[in-house]
file run-v2.cif (mmCIF, C-alpha atoms)
data_query
loop_
_atom_site.label_atom_id
_atom_site.label_comp_id
_atom_site.auth_asym_id
_atom_site.auth_seq_id
_atom_site.Cartn_x
_atom_site.Cartn_y
_atom_site.Cartn_z
CA MET E 669 0.00 0.00 0.00
CA LEU E 670 1.30 3.46 -0.94
CA ILE E 671 0.73 6.47 1.33
CA SER E 672 2.64 9.39 -0.13
CA ASP E 673 2.88 11.77 -3.06
CA LEU E 674 3.36 8.67 -5.23
CA ALA E 675 -0.05 7.46 -4.04
CA VAL E 676 -1.58 10.76 -5.23
CA VAL E 677 0.08 10.35 -8.64
CA MET E 678 -1.13 6.75 -8.94
CA ASN E 679 -4.65 7.72 -7.86
CA LEU E 680 -4.71 10.53 -10.40
CA MET E 681 -3.68 8.03 -13.09
CA ALA E 682 -6.46 5.69 -11.97
CA ILE E 683 -8.96 8.59 -12.08
CA ALA E 684 -7.79 9.59 -15.57
CA LEU E 685 -8.07 6.00 -16.73
CA LEU E 686 -11.55 5.47 -15.31
CA ALA E 687 -12.67 8.78 -16.85
CA PHE E 688 -11.03 7.75 -20.14
CA PHE E 689 -13.02 4.51 -20.33
CA ILE E 690 -16.31 6.00 -19.20
CA GLY E 691 -15.74 8.80 -21.72
CA ALA E 692 -15.05 6.25 -24.48
CA VAL E 693 -18.25 4.37 -23.60
CA LEU E 694 -20.33 7.58 -23.57
CA LEU E 695 -18.81 8.74 -26.88
CA SER E 696 -19.35 5.30 -28.44
CA PHE E 697 -23.06 5.35 -27.56
CA THR E 698 -23.41 8.92 -28.78
CA TRP E 699 -21.83 8.02 -32.14
CA LEU E 700 -24.15 5.03 -32.48
CA LEU E 701 -27.13 7.31 -31.85
CA LEU E 702 -26.05 10.40 -33.80
CA GLY E 703 -23.36 9.13 -36.20
CA ARG E 704 -25.82 8.86 -39.09
CA PHE E 705 -26.31 12.66 -39.07
CA VAL E 706 -22.58 13.41 -39.37
CA GLY E 707 -22.71 12.82 -43.13
CA LEU E 708 -25.03 15.82 -43.55
CA TYR E 709 -22.19 18.24 -42.88
CA SER E 710 -19.21 19.45 -44.91
CA THR E 711 -15.99 17.46 -45.19
CA GLY E 712 -14.13 19.88 -42.88
CA SER E 713 -16.84 19.63 -40.21
CA GLN E 714 -16.85 15.84 -40.40
CA LYS E 715 -13.07 15.80 -39.93
CA VAL E 716 -13.43 18.04 -36.84
CA LEU E 717 -16.07 15.69 -35.42
CA ILE E 718 -13.90 12.60 -35.99
CA TRP E 719 -10.96 14.29 -34.26
CA THR E 720 -13.32 15.27 -31.40
CA TRP E 721 -14.23 11.60 -30.97
CA MET E 722 -10.59 10.48 -31.26
CA LEU E 723 -9.22 12.95 -28.72
CA GLY E 724 -12.39 12.96 -26.60
CA PRO E 725 -11.49 10.17 -24.15
CA TRP E 726 -8.00 11.69 -23.61
CA PHE E 727 -9.46 15.15 -23.02
CA LEU E 728 -12.11 13.77 -20.65
CA GLY E 729 -9.52 11.70 -18.75
CA LEU E 730 -7.17 14.66 -18.38
CA MET E 731 -9.87 17.15 -17.35
CA THR E 732 -11.47 14.78 -14.84
CA MET E 733 -8.06 14.04 -13.36
CA LEU E 734 -7.36 17.78 -12.98
CA ILE E 735 -10.74 18.39 -11.36
CA PHE E 736 -10.20 15.59 -8.83
CA SER E 737 -6.57 16.59 -8.20
CA PRO E 738 -5.52 18.49 -5.05
CA LEU E 739 -4.23 21.35 -7.24
CA PHE E 740 -7.46 23.28 -6.84
CA GLU E 741 -8.24 22.11 -3.29
CA GLN E 742 -8.42 25.67 -1.94
CA THR E 743 -10.79 26.97 -4.61
CA GLU E 744 -14.57 27.32 -4.39
CA LEU E 745 -15.01 25.25 -7.54
CA TYR E 746 -13.34 22.27 -5.83
CA GLY E 747 -15.77 22.50 -2.92
CA LEU E 748 -18.70 22.64 -5.31
CA ILE E 749 -17.46 19.63 -7.29
CA GLU E 750 -16.66 17.68 -4.13
CA SER E 751 -20.27 17.97 -3.03
CA LEU E 752 -21.19 16.21 -6.30
CA ALA E 753 -18.25 13.87 -6.82
CA HIS E 754 -15.04 12.99 -5.02
CA TRP E 755 -12.27 10.35 -4.80
CA HIS E 756 -12.33 9.15 -1.20
CA HIS E 757 -8.78 7.74 -1.00
CA LEU E 758 -6.64 10.24 -2.90
CA TYR E 759 -3.65 9.85 -0.56
CA VAL E 760 -3.75 6.05 -0.29
CA PHE E 761 -3.15 3.67 -3.22
CA GLN E 762 -3.06 -0.09 -3.25
CA LEU E 763 -1.17 -1.59 -6.19
CA ASN E 764 -3.00 -4.94 -6.14
CA SER E 765 -6.40 -3.25 -6.32
CA TRP E 766 -8.60 -2.84 -9.44
CA HIS E 767 -7.03 0.62 -9.88
CA GLY E 768 -3.50 -0.77 -9.93
CA ILE E 769 -4.40 -3.59 -12.30
CA SER E 770 -6.28 -1.30 -14.70
CA VAL E 771 -3.33 1.14 -14.84
CA ILE E 772 -0.92 -1.74 -15.58
CA LEU E 773 -3.24 -3.20 -18.26
CA PHE E 774 -3.60 0.20 -19.90
CA VAL E 775 0.17 0.70 -20.02
CA VAL E 776 0.69 -2.81 -21.44
CA PHE E 777 -2.03 -2.30 -24.08
CA SER E 778 -0.59 1.09 -25.11
CA PHE E 779 2.91 -0.33 -25.32
CA GLY E 780 1.67 -3.27 -27.43
CA LEU E 781 -0.17 -0.86 -29.73
CA ILE E 782 2.99 1.22 -30.26
CA VAL E 783 4.99 -1.94 -31.03
CA ILE E 784 2.37 -3.23 -33.54
CA LYS E 785 1.99 0.09 -35.35
CA GLY E 786 5.75 0.66 -35.26
CA SER E 787 6.41 -2.72 -36.87
CA GLN E 788 3.80 -1.95 -39.55
CA VAL E 789 5.59 1.32 -40.34
CA TYR E 790 8.94 -0.49 -40.43
CA ARG E 791 7.68 -3.29 -42.70
CA GLN E 792 6.01 -0.87 -45.06
CA ASN E 793 9.02 1.43 -45.23
CA ASN E 794 11.17 -1.55 -46.07
CA ALA E 795 8.79 -2.68 -48.83
CA LEU E 796 8.73 0.85 -50.25
CA TYR E 797 12.51 1.16 -50.05
CA THR E 798 12.89 -2.13 -51.92
CA LEU E 799 10.29 -1.02 -54.45
CA LYS E 800 12.28 2.16 -55.08
CA HIS E 801 15.50 0.18 -55.43
CA PHE E 802 14.09 -2.08 -58.14
CA SER E 803 11.79 0.13 -60.06
CA ALA E 804 11.26 3.77 -59.26
CA SER E 805 12.28 6.73 -61.35
CA GLN E 806 11.54 10.37 -60.68
CA HIS E 807 8.77 12.22 -62.45
CA SER E 808 8.87 15.97 -62.83
CA CYS E 809 5.53 17.52 -62.00
CA GLY E 810 6.48 21.16 -61.54
CA GLU E 811 6.29 21.03 -57.75
CA THR E 812 8.99 20.68 -55.17
CA GLN E 813 7.41 17.44 -54.03
CA LYS E 814 8.34 14.37 -56.00
CA VAL E 815 6.35 11.75 -57.79
CA LEU E 816 8.01 8.39 -58.33
CA ILE E 817 7.08 6.19 -61.23
CA ILE E 818 7.02 2.48 -60.43
CA ASP E 819 8.14 0.41 -63.39
CA SER E 820 5.27 -2.07 -63.28
CA ASP E 821 2.24 -2.99 -65.38
CA VAL E 822 -0.17 -2.88 -62.44
CA SER E 823 -2.48 0.12 -62.17
CA SER E 824 -1.93 1.88 -58.91
CA ALA E 825 -1.28 5.30 -57.46
CA PHE E 826 -0.65 5.93 -53.81
CA THR E 827 1.13 8.18 -51.32
CA SER E 828 3.22 6.88 -48.49
CA GLY E 829 5.63 8.24 -45.91
CA LEU E 830 4.89 9.77 -42.53
CA PHE E 831 6.95 12.96 -42.37
CA SER E 832 8.00 13.45 -46.01
CA PRO E 833 5.30 11.63 -47.98
CA ILE E 834 6.11 10.64 -51.55
CA CYS E 835 3.63 9.88 -54.32
CA TYR E 836 3.97 6.70 -56.36
CA VAL E 837 2.30 6.10 -59.71
CA SER E 838 2.79 2.87 -61.62
CA LYS E 839 3.90 2.93 -65.27
CA GLY E 840 0.92 0.71 -66.07
CA LEU E 841 -1.39 3.49 -64.94
CA VAL E 842 0.63 6.24 -66.66
CA ASP E 843 0.40 4.38 -70.00
CA LYS E 844 -3.36 3.93 -69.77
CA LEU E 845 -4.29 7.51 -68.85
CA SER E 846 -4.36 10.67 -70.97
CA PRO E 847 -2.06 13.53 -69.85
CA ALA E 848 -5.05 15.38 -68.31
CA GLU E 849 -6.21 12.27 -66.44
CA LEU E 850 -2.69 11.59 -65.20
CA ASN E 851 -2.46 15.16 -63.99
CA ILE E 852 -5.67 14.65 -61.97
CA VAL E 853 -4.25 11.50 -60.36
CA ILE E 854 -0.95 13.25 -59.53
CA GLU E 855 -2.71 16.37 -58.19
CA HIS E 856 -4.83 14.13 -55.98
CA GLU E 857 -1.78 12.26 -54.63
CA LEU E 858 0.18 15.48 -54.08
CA ALA E 859 -2.75 16.78 -52.02
CA HIS E 860 -2.46 13.68 -49.80
CA ALA E 861 1.28 14.37 -49.45
CA ARG E 862 0.77 18.09 -48.65
CA ASN E 863 -1.88 17.24 -46.04
CA LYS E 864 0.38 14.55 -44.51
CA ASP E 865 -2.57 12.16 -44.66
CA PRO E 866 -0.56 8.95 -44.04
CA LEU E 867 0.71 10.40 -40.73
CA PHE E 868 -2.73 11.51 -39.58
CA MET E 869 -4.29 8.23 -40.66
CA LEU E 870 -1.75 6.43 -38.50
CA LEU E 871 -2.64 8.69 -35.55
CA ILE E 872 -6.34 8.04 -36.12
CA ALA E 873 -5.67 4.28 -36.26
CA CYS E 874 -3.76 4.46 -32.94
CA LEU E 875 -6.34 6.64 -31.17
CA SER E 876 -9.31 4.62 -32.44
CA ALA E 877 -7.75 1.39 -31.11
CA TYR E 878 -9.15 2.32 -27.66
CA TYR E 879 -12.70 2.16 -29.02
CA PRO E 880 -14.68 -1.05 -29.66
CA ASN E 881 -13.38 -2.65 -32.87
CA LYS E 882 -16.55 -2.06 -34.92
CA LEU E 883 -16.62 1.65 -34.13
CA ALA E 884 -12.86 1.95 -34.65
CA LEU E 885 -13.16 0.51 -38.17
CA LEU E 886 -16.07 2.80 -38.91
CA LEU E 887 -14.21 5.92 -37.71
CA ASN E 888 -11.08 4.94 -39.66
CA ALA E 889 -13.10 4.40 -42.84
CA LYS E 890 -14.92 7.70 -42.31
CA TYR E 891 -11.67 9.62 -41.79
CA ARG E 892 -10.12 7.97 -44.85
CA LEU E 893 -13.12 8.98 -46.93
CA MET E 894 -12.77 12.58 -45.68
CA THR E 895 -9.09 12.67 -46.73
CA GLU E 896 -10.16 11.41 -50.17
CA HIS E 897 -12.85 14.11 -50.43
CA VAL E 898 -10.30 16.81 -49.50
CA ALA E 899 -7.78 15.47 -52.06
CA ASP E 900 -10.55 15.27 -54.71
CA GLN E 901 -11.61 18.83 -53.95
CA SER E 902 -8.04 20.09 -54.39
CA THR E 903 -7.95 18.64 -57.93
CA VAL E 904 -11.22 20.42 -58.73
CA LEU E 905 -9.33 23.74 -58.50
CA LYS E 906 -7.60 22.98 -61.83
CA HIS E 907 -10.03 20.50 -63.41
CA SER E 908 -13.78 20.20 -63.69
CA ALA E 909 -15.52 18.03 -61.09
CA GLU E 910 -16.94 15.88 -63.90
CA ASP E 911 -13.45 15.22 -65.31
CA VAL E 912 -12.14 14.24 -61.86
CA ALA E 913 -15.14 11.94 -61.31
CA ALA E 914 -14.70 10.38 -64.78
CA THR E 915 -10.98 9.78 -64.11
CA LEU E 916 -11.79 8.16 -60.79
CA LEU E 917 -14.25 5.88 -62.52
CA LYS E 918 -11.73 5.03 -65.26
CA VAL E 919 -9.05 4.09 -62.70
CA VAL E 920 -11.54 1.94 -60.81
CA ARG E 921 -12.45 0.13 -64.07
CA LEU E 922 -8.75 -0.38 -64.89
CA GLN E 923 -8.04 -1.82 -61.46
CA LYS E 924 -11.10 -4.01 -61.68
CA SER E 925 -10.10 -5.48 -65.05
CA LEU E 926 -6.47 -6.01 -64.01
CA SER E 927 -7.28 -7.46 -60.62
CA VAL E 928 -8.63 -10.56 -62.29
CA LYS E 929 -5.34 -11.16 -64.12
CA GLU E 930 -2.91 -9.96 -61.48
CA SER E 931 -4.08 -11.40 -58.21
CA GLY E 932 -3.68 -9.04 -55.33
CA ALA E 933 -1.48 -6.55 -57.16
CA TYR E 934 -3.66 -3.57 -56.50
CA LEU E 935 -4.60 -1.53 -53.52
CA CYS E 936 -7.88 -2.43 -51.94
CA TYR E 937 -9.52 -1.00 -48.88
CA PHE E 938 -12.64 0.88 -49.87
CA GLY E 939 -16.11 -0.45 -49.75
CA ALA E 940 -18.07 -0.09 -52.96
CA ASN E 941 -19.99 2.72 -51.36
CA ASP E 942 -16.95 4.94 -51.03
CA ILE E 943 -16.40 5.39 -54.76
CA THR E 944 -20.09 6.26 -55.09
CA GLN E 945 -19.84 8.73 -52.23
CA ARG E 946 -16.70 10.34 -53.66
CA ILE E 947 -18.33 10.82 -57.06
CA GLN E 948 -21.51 12.18 -55.49
CA GLN E 949 -19.46 14.54 -53.32
CA LEU E 950 -17.55 15.74 -56.40
CA LEU E 951 -20.72 16.39 -58.39
CA GLN E 952 -22.84 17.78 -55.56
CA PRO E 953 -20.57 18.80 -52.69
CA THR E 954 -22.06 19.20 -49.20
CA LYS E 955 -20.93 22.58 -47.93
CA LYS E 956 -23.00 22.91 -44.76
CA PRO E 957 -20.62 23.55 -41.84
CA ILE E 958 -21.37 22.45 -38.30
CA PRO E 959 -21.31 25.39 -35.82
CA MET E 960 -18.18 24.98 -33.67
CA ILE E 961 -20.24 25.68 -30.53
CA ILE E 962 -21.94 22.28 -30.95
CA PRO E 963 -18.84 20.06 -30.41
CA VAL E 964 -17.59 22.40 -27.63
CA VAL E 965 -20.89 22.35 -25.69
CA PHE E 966 -21.25 18.63 -26.36
CA MET E 967 -17.83 17.88 -24.85
CA LEU E 968 -18.59 20.03 -21.79
CA VAL E 969 -21.86 18.16 -21.21
CA ILE E 970 -20.06 14.82 -21.60
CA LEU E 971 -17.37 16.07 -19.16
CA CYS E 972 -19.99 16.84 -16.49
CA LEU E 973 -21.61 13.44 -17.02
CA ASN E 974 -18.18 11.85 -16.89
CA ILE E 975 -17.26 13.41 -13.54
CA VAL E 976 -20.47 12.17 -11.96
CA ALA E 977 -20.11 8.75 -13.62
CA VAL E 978 -16.50 8.35 -12.37
CA ASP E 979 -17.64 9.02 -8.80
CA ALA E 980 -20.64 6.70 -9.12
CA THR E 981 -18.64 3.87 -10.74
CA HIS E 982 -15.90 4.20 -8.14
CA HIS E 983 -18.34 3.98 -5.24
CA LEU E 984 -20.35 1.20 -6.87
CA VAL E 985 -17.30 -1.01 -7.49
CA GLU E 986 -15.81 -0.34 -4.07
CA SER E 987 -19.04 -1.08 -2.28
CA VAL E 988 -18.79 -4.56 -3.82
CA PHE E 989 -14.99 -5.03 -3.68
CA THR E 990 -13.51 -3.17 -0.72
CA HIS E 991 -9.78 -3.04 -1.26
CA TYR E 992 -8.60 -1.59 2.02
CA MET P 1056 8.80 -8.62 -47.18
CA PHE P 1057 12.18 -7.59 -45.80
CA LEU P 1058 15.11 -7.49 -48.22
CA GLY P 1059 18.56 -6.33 -47.16
CA GLU P 1060 20.88 -4.32 -49.38
CA LEU P 1061 22.97 -7.34 -50.42
CA GLU P 1062 19.85 -9.43 -51.05
CA LYS P 1063 18.53 -6.76 -53.42
CA GLN P 1064 21.83 -6.74 -55.31
CA VAL P 1065 21.82 -10.54 -55.52
CA MET P 1066 18.28 -10.56 -56.92
CA GLN P 1067 19.17 -7.86 -59.44
CA TYR P 1068 22.17 -9.91 -60.62
CA LEU P 1069 20.29 -13.22 -60.80
CA TRP P 1070 17.57 -11.69 -63.00
CA SER P 1071 20.21 -10.96 -65.63
CA SER P 1072 22.38 -14.04 -65.02
CA PRO P 1073 20.51 -17.19 -63.99
CA ASN P 1074 22.08 -20.51 -62.92
CA VAL P 1075 25.16 -19.26 -61.13
CA ASP P 1076 26.80 -20.47 -57.94
CA ALA P 1077 27.78 -18.48 -54.85
CA LYS P 1078 31.37 -18.00 -56.05
CA GLN P 1079 30.22 -16.42 -59.32
CA VAL P 1080 27.78 -14.13 -57.48
CA HIS P 1081 30.54 -13.16 -55.05
CA ALA P 1082 33.00 -12.46 -57.89
CA VAL P 1083 30.57 -9.99 -59.50
CA LEU P 1084 29.27 -8.33 -56.32
CA ALA P 1085 32.77 -8.01 -54.81
CA LYS P 1086 33.41 -5.29 -57.42
CA GLN P 1087 30.48 -3.27 -56.04
CA ARG P 1088 30.77 -3.96 -52.30
CA ASP P 1089 33.12 -5.45 -49.75
CA SER P 1090 31.38 -8.77 -48.96
CA SER P 1091 32.98 -12.09 -48.14
CA LEU P 1092 31.98 -15.32 -49.87
CA ASN P 1093 30.31 -16.46 -46.63
CA THR P 1094 28.16 -13.33 -46.52
CA VAL P 1095 27.06 -13.86 -50.13
CA GLN P 1096 26.30 -17.55 -49.38
CA SER P 1097 24.18 -16.50 -46.40
CA ALA P 1098 22.27 -13.98 -48.53
CA LEU P 1099 21.58 -16.67 -51.16
CA GLU P 1100 20.42 -19.06 -48.43
CA ARG P 1101 18.07 -16.40 -46.98
CA LEU P 1102 16.61 -15.60 -50.40
CA PHE P 1103 16.09 -19.32 -51.03
CA LYS P 1104 14.27 -19.67 -47.69
CA LYS P 1105 12.10 -16.65 -48.54
CA GLY P 1106 11.04 -18.48 -51.71
CA LEU P 1107 12.59 -15.91 -54.03
CA LEU P 1108 15.29 -18.26 -55.43
CA SER P 1109 15.35 -21.86 -56.57
CA ARG P 1110 18.52 -23.97 -56.60
CA GLU P 1111 19.89 -27.13 -58.07
CA LYS P 1112 22.91 -29.11 -56.83
CA ARG P 1113 25.74 -29.44 -59.36
CA GLY P 1114 28.75 -31.28 -57.93
CA HIS P 1115 29.58 -29.66 -54.59
CA ALA P 1116 27.86 -26.36 -55.29
CA TYR P 1117 24.31 -25.08 -55.69
CA LEU P 1118 23.32 -23.24 -58.85
CA TYR P 1119 20.84 -20.48 -58.06
CA GLN P 1120 18.22 -18.80 -60.16
CA ALA P 1121 15.44 -16.33 -59.46
CA LYS P 1122 12.17 -18.09 -58.74
CA ILE P 1123 10.19 -14.89 -59.04
CA GLN P 1124 10.57 -12.46 -61.94
CA ARG P 1125 11.23 -8.76 -61.40
CA ASP P 1126 7.71 -7.64 -62.40
CA ASP P 1127 6.11 -10.22 -60.13
CA LEU P 1128 8.30 -9.15 -57.20
CA ILE P 1129 7.35 -5.50 -57.77
CA ALA P 1130 3.66 -6.48 -57.83
CA LYS P 1131 4.23 -8.43 -54.61
CA LEU P 1132 5.94 -5.44 -52.99
CA ILE P 1133 3.05 -3.15 -53.93
CA ASP P 1134 0.78 -5.77 -52.44
CA SER P 1135 2.78 -5.94 -49.20
CA VAL P 1136 2.50 -2.16 -48.88
CA ALA P 1137 -1.24 -2.73 -48.82
CA SER P 1138 -1.32 -6.01 -46.94
CA ASP P 1139 -1.16 -4.54 -43.44
CA PHE P 1140 -4.53 -2.95 -43.81
CA ILE P 1141 -6.26 -5.54 -45.97
CA SER P 1142 -6.12 -7.97 -43.08
CA GLN P 1143 -7.35 -5.39 -40.59
CA GLY P 1144 -9.90 -3.66 -42.76
CA GLU P 1145 -8.19 -0.33 -42.27
CA SER P 1146 -5.45 1.52 -44.04
CA THR P 1147 -3.16 3.44 -41.79
CA LEU P 1148 -0.17 4.28 -43.86
CA VAL P 1149 -1.16 4.64 -47.48
CA ALA P 1150 -3.37 7.09 -49.28
CA ALA P 1151 -4.28 5.64 -52.66
CA PHE P 1152 -6.01 7.37 -55.55
CA SER P 1153 -8.68 4.74 -55.76
CA SER P 1154 -9.22 1.16 -55.01
CA VAL P 1155 -11.79 -1.35 -56.00
CA SER P 1156 -14.02 -3.60 -54.10
CA SER P 1157 -15.08 -6.94 -55.47
CA GLU P 1158 -18.61 -5.94 -54.52
CA MET P 1159 -18.52 -3.03 -56.96
CA ASP P 1160 -20.18 -4.44 -60.05
CA GLU P 1161 -20.40 -3.14 -63.61
CA ALA P 1162 -24.01 -2.01 -63.17
CA GLN P 1163 -23.00 0.31 -60.32
CA LEU P 1164 -20.11 1.72 -62.36
CA ASP P 1165 -22.43 2.28 -65.35
CA GLN P 1166 -24.86 4.08 -63.08
CA LEU P 1167 -22.10 6.39 -61.84
CA GLU P 1168 -21.00 7.03 -65.42
CA LYS P 1169 -24.56 8.04 -66.31
CA LEU P 1170 -24.63 10.39 -63.31
CA ILE P 1171 -21.47 12.13 -64.56
CA GLU P 1172 -22.89 12.37 -68.08
CA ILE P 1173 -26.15 13.90 -66.81
CA GLN P 1174 -24.19 16.52 -64.87
CA ARG P 1175 -22.03 17.29 -67.94
CA ASN P 1176 -25.16 17.75 -70.07
CA GLN P 1177 -26.83 19.94 -67.45
CA LEU P 1178 -23.77 22.17 -67.29
CA LYS P 1179 -23.53 22.28 -71.09
CA ASN P 1180 -27.22 23.21 -71.44
CA GLY P 1181 -26.82 25.83 -68.71
CA ASN P 1182 -23.86 27.35 -70.54
CA ASP P 1183 -25.74 27.27 -73.89
CA ASN P 1184 -28.68 29.08 -72.31
CA VAL P 1185 -26.34 31.76 -70.93
CA ASP P 1186 -24.82 32.20 -74.43
#

call {"tool": "encode", "arguments": {"input": "run-v2.cif", "output": "structure tokens"}}
result
Amino acid sequence: MLISDLAVVMNLMAIALLAFFIGAVLLSFTWLLLGRFVGLYSTGSQKVLIWTWMLGPWFLGLMTMLIFSPLFEQTELYGLIESLAHWHHLYVFQLNSWHGISVILFVVFSFGLIVIKGSQVYRQNNALYTLKHFSASQHSCGETQKVLIIDSDVSSAFTSGLFSPICYVSKGLVDKLSPAELNIVIEHELAHARNKDPLFMLLIACLSAYYPNKLALLLNAKYRLMTEHVADQSTVLKHSAEDVAATLLKVVRLQKSLSVKESGAYLCYFGANDITQRIQQLLQPTKKPIPMIIPVVFMLVILCLNIVAVDATHHLVESVFTHY
Amino acid sequence: MFLGELEKQVMQYLWSSPNVDAKQVHAVLAKQRDSSLNTVQSALERLFKKGLLSREKRGHAYLYQAKIQRDDLIAKLIDSVASDFISQGESTLVAAFSSVSSEMDEAQLDQLEKLIEIQRNQLKNGNDNVD
């Protein structure tokens, strides 16, 4: 049993963790209830909402921990909150209690997640490095960023790299597209590189791993679709939306015809719906923004609920399992 | 698929010169890099175990040749860039221009094509009316 400043630190971690999980549960339910309405808003607003959900549990955990911490013990606000919710053993911490075990499990899970994602980055970098060694040549596109041509008959175009993303277009695709169509593909990929989408997609994948798997996949797919919309929209500055949509459709047809002959040698992650949604968004873009006050007020309401729920859960569990 | 620097050079050489033994590979690569015969033998062994080379015993030595052609290896590498997320249903590290789903059939694509054509015609008619 710890009775010291270390006990306070451990208790604050346990509070943050409990608030994190209750926050994740509350946010998961809210997305299940209201998620269907998110699509009504503009791409930018949807991205803000996804980030709100991704960072939400961390924000709720941190804020709840601060509110329960002795930092504000002398303030009136602390007295007010304590009448509603409090942590009754802030200066005593038992390592072999449910608090200690949950902190250890959280640390182990986070460490495992970093190792898994790190090994993915390593494996992919190695594959890309080997790809460049065997096949890539530089393509001049009038920008400082580079496009590498992969000497291969497969039809693919993608952007990879976390801090200095590089665009890759296969020779097979270059040969089958007109100069204008190729320019659309390259503009689209350069937009991904400028926006550092691979890095943010990795962050989203890491943050969403703390949600239930089904919701995590949904949020990842949603965020990916938003990055595609943003990249599509940046090509519309130089080309007509119809030309971009037609090029997208042509590339999909090319990949579809080749995928039969060349098993697996294409990139596949979208559902069929995504291509439809991208084309619809190009032809009839949704521009309705969500007022910023809505996510802010929403998070404050969830925070209040969270504080009360942390206190209630803590008392409920400890009335069943008394640990000291 | 992890390939070291020497392994890449060995593959590159074997695509142009099949059926060679470790000594011949070493003789050529020694001009480019400072590798011992043992190191080259180990690289050949690793590539064989990875399924990228096949070999046949002639006398005391193995004759190696590439089991996978350059284009097929490139296709495989592109695939391994994507493989991390195919298995998990999420892509974390790649942003591709487009990708296809096996569920996306021709009828759906035709429908989308019609949608684009309708929009083109509407815009054209709108412009004609303005003129």

call {"tool": "atom_distance", "arguments": {"input": "run-v2.cif", "atom1": "CA of Ile718 in chain E", "atom2": "CA of Ala914 in chain E"}}
result
28.9 Å

call {"tool": "residues_around", "arguments": {"input": "run-v2.cif", "residues": "Asp1076 in chain P", "least_positions_apart": "2", "cutoff": "6 Å", "atoms": "all atoms listed in the file", "output": "MDAnalysis selection string"}}
result
chainID P and resid 1078:1079 1117:1119

call {"tool": "residues_near_point", "arguments": {"input": "run-v2.cif", "point": "(26.0, -20.8, -50.5)", "cutoff": "7 Å", "atoms": "all atoms listed in the file", "output": "ChimeraX atom specification"}}
result
/P:1077,1096-1097,1099-1100,1117

call {"tool": "resolve_selection", "arguments": {"input": "run-v2.cif", "expression": "the PyMOL selection byres ((chain E and resi 972-988) around 9)", "output": "number ranges by chain"}}
result
E: 683, 686-688, 690-691, 694, 728-729, 732, 735-736, 749, 752-756, 967-971, 989-991

call {"tool": "atom_distance", "arguments": {"input": "run-v2.cif", "atom1": "CA of Gln901 in chain E", "atom2": "CA of Leu950 in chain E"}}
result
7.1 Å

call {"tool": "build_atoms", "arguments": {"input": "run-v2.cif", "residues": "range 792-804 of chain E", "atoms": "N, CA and C atoms", "output": "JSON list (two decimals), in the coordinates of the input"}}
result
[["chain", "number", "residue", "atom", "x", "y", "z"],
["E", 792, "GLN", "N", 6.44, -1.57, -43.85],
["E", 792, "GLN", "CA", 6.01, -0.87, -45.06],
["E", 792, "GLN", "C", 7.14, -0.01, -45.63],
["E", 793, "ASN", "N", 7.89, 0.64, -44.75],
["E", 793, "ASN", "CA", 9.02, 1.43, -45.23],
["E", 793, "ASN", "C", 10.02, 0.56, -45.96],
["E", 794, "ASN", "N", 10.22, -0.64, -45.43],
["E", 794, "ASN", "CA", 11.17, -1.55, -46.07],
["E", 794, "ASN", "C", 10.67, -1.97, -47.45],
["E", 795, "ALA", "N", 9.37, -2.27, -47.53],
["E", 795, "ALA", "CA", 8.79, -2.68, -48.83],
["E", 795, "ALA", "C", 8.91, -1.53, -49.83],
["E", 796, "LEU", "N", 8.65, -0.30, -49.36],
["E", 796, "LEU", "CA", 8.73, 0.85, -50.25],
["E", 796, "LEU", "C", 10.17, 1.12, -50.69],
["E", 797, "TYR", "N", 11.09, 0.95, -49.76],
["E", 797, "TYR", "CA", 12.51, 1.16, -50.05],
["E", 797, "TYR", "C", 12.98, 0.16, -51.11],
["E", 798, "THR", "N", 12.54, -1.09, -50.95],
["E", 798, "THR", "CA", 12.89, -2.13, -51.92],
["E", 798, "THR", "C", 12.26, -1.84, -53.28],
["E", 799, "LEU", "N", 11.02, -1.38, -53.22],
["E", 799, "LEU", "CA", 10.29, -1.02, -54.45],
["E", 799, "LEU", "C", 11.06, 0.06, -55.21],
["E", 800, "LYS", "N", 11.53, 1.06, -54.46],
["E", 800, "LYS", "CA", 12.28, 2.16, -55.08],
["E", 800, "LYS", "C", 13.57, 1.64, -55.68],
["E", 801, "HIS", "N", 14.22, 0.73, -54.97],
["E", 801, "HIS", "CA", 15.50, 0.18, -55.43],
["E", 801, "HIS", "C", 15.34, -0.52, -56.78],
["E", 802, "PHE", "N", 14.26, -1.28, -56.93],
["E", 802, "PHE", "CA", 14.09, -2.08, -58.14],
["E", 802, "PHE", "C", 13.46, -1.32, -59.29],
["E", 803, "SER", "N", 12.65, -0.32, -58.97],
["E", 803, "SER", "CA", 11.79, 0.13, -60.06],
["E", 803, "SER", "C", 11.57, 1.62, -60.21],
["E", 804, "ALA", "N", 11.78, 2.41, -59.19],
["E", 804, "ALA", "CA", 11.26, 3.77, -59.26],
["E", 804, "ALA", "C", 12.18, 4.73, -60.00]]
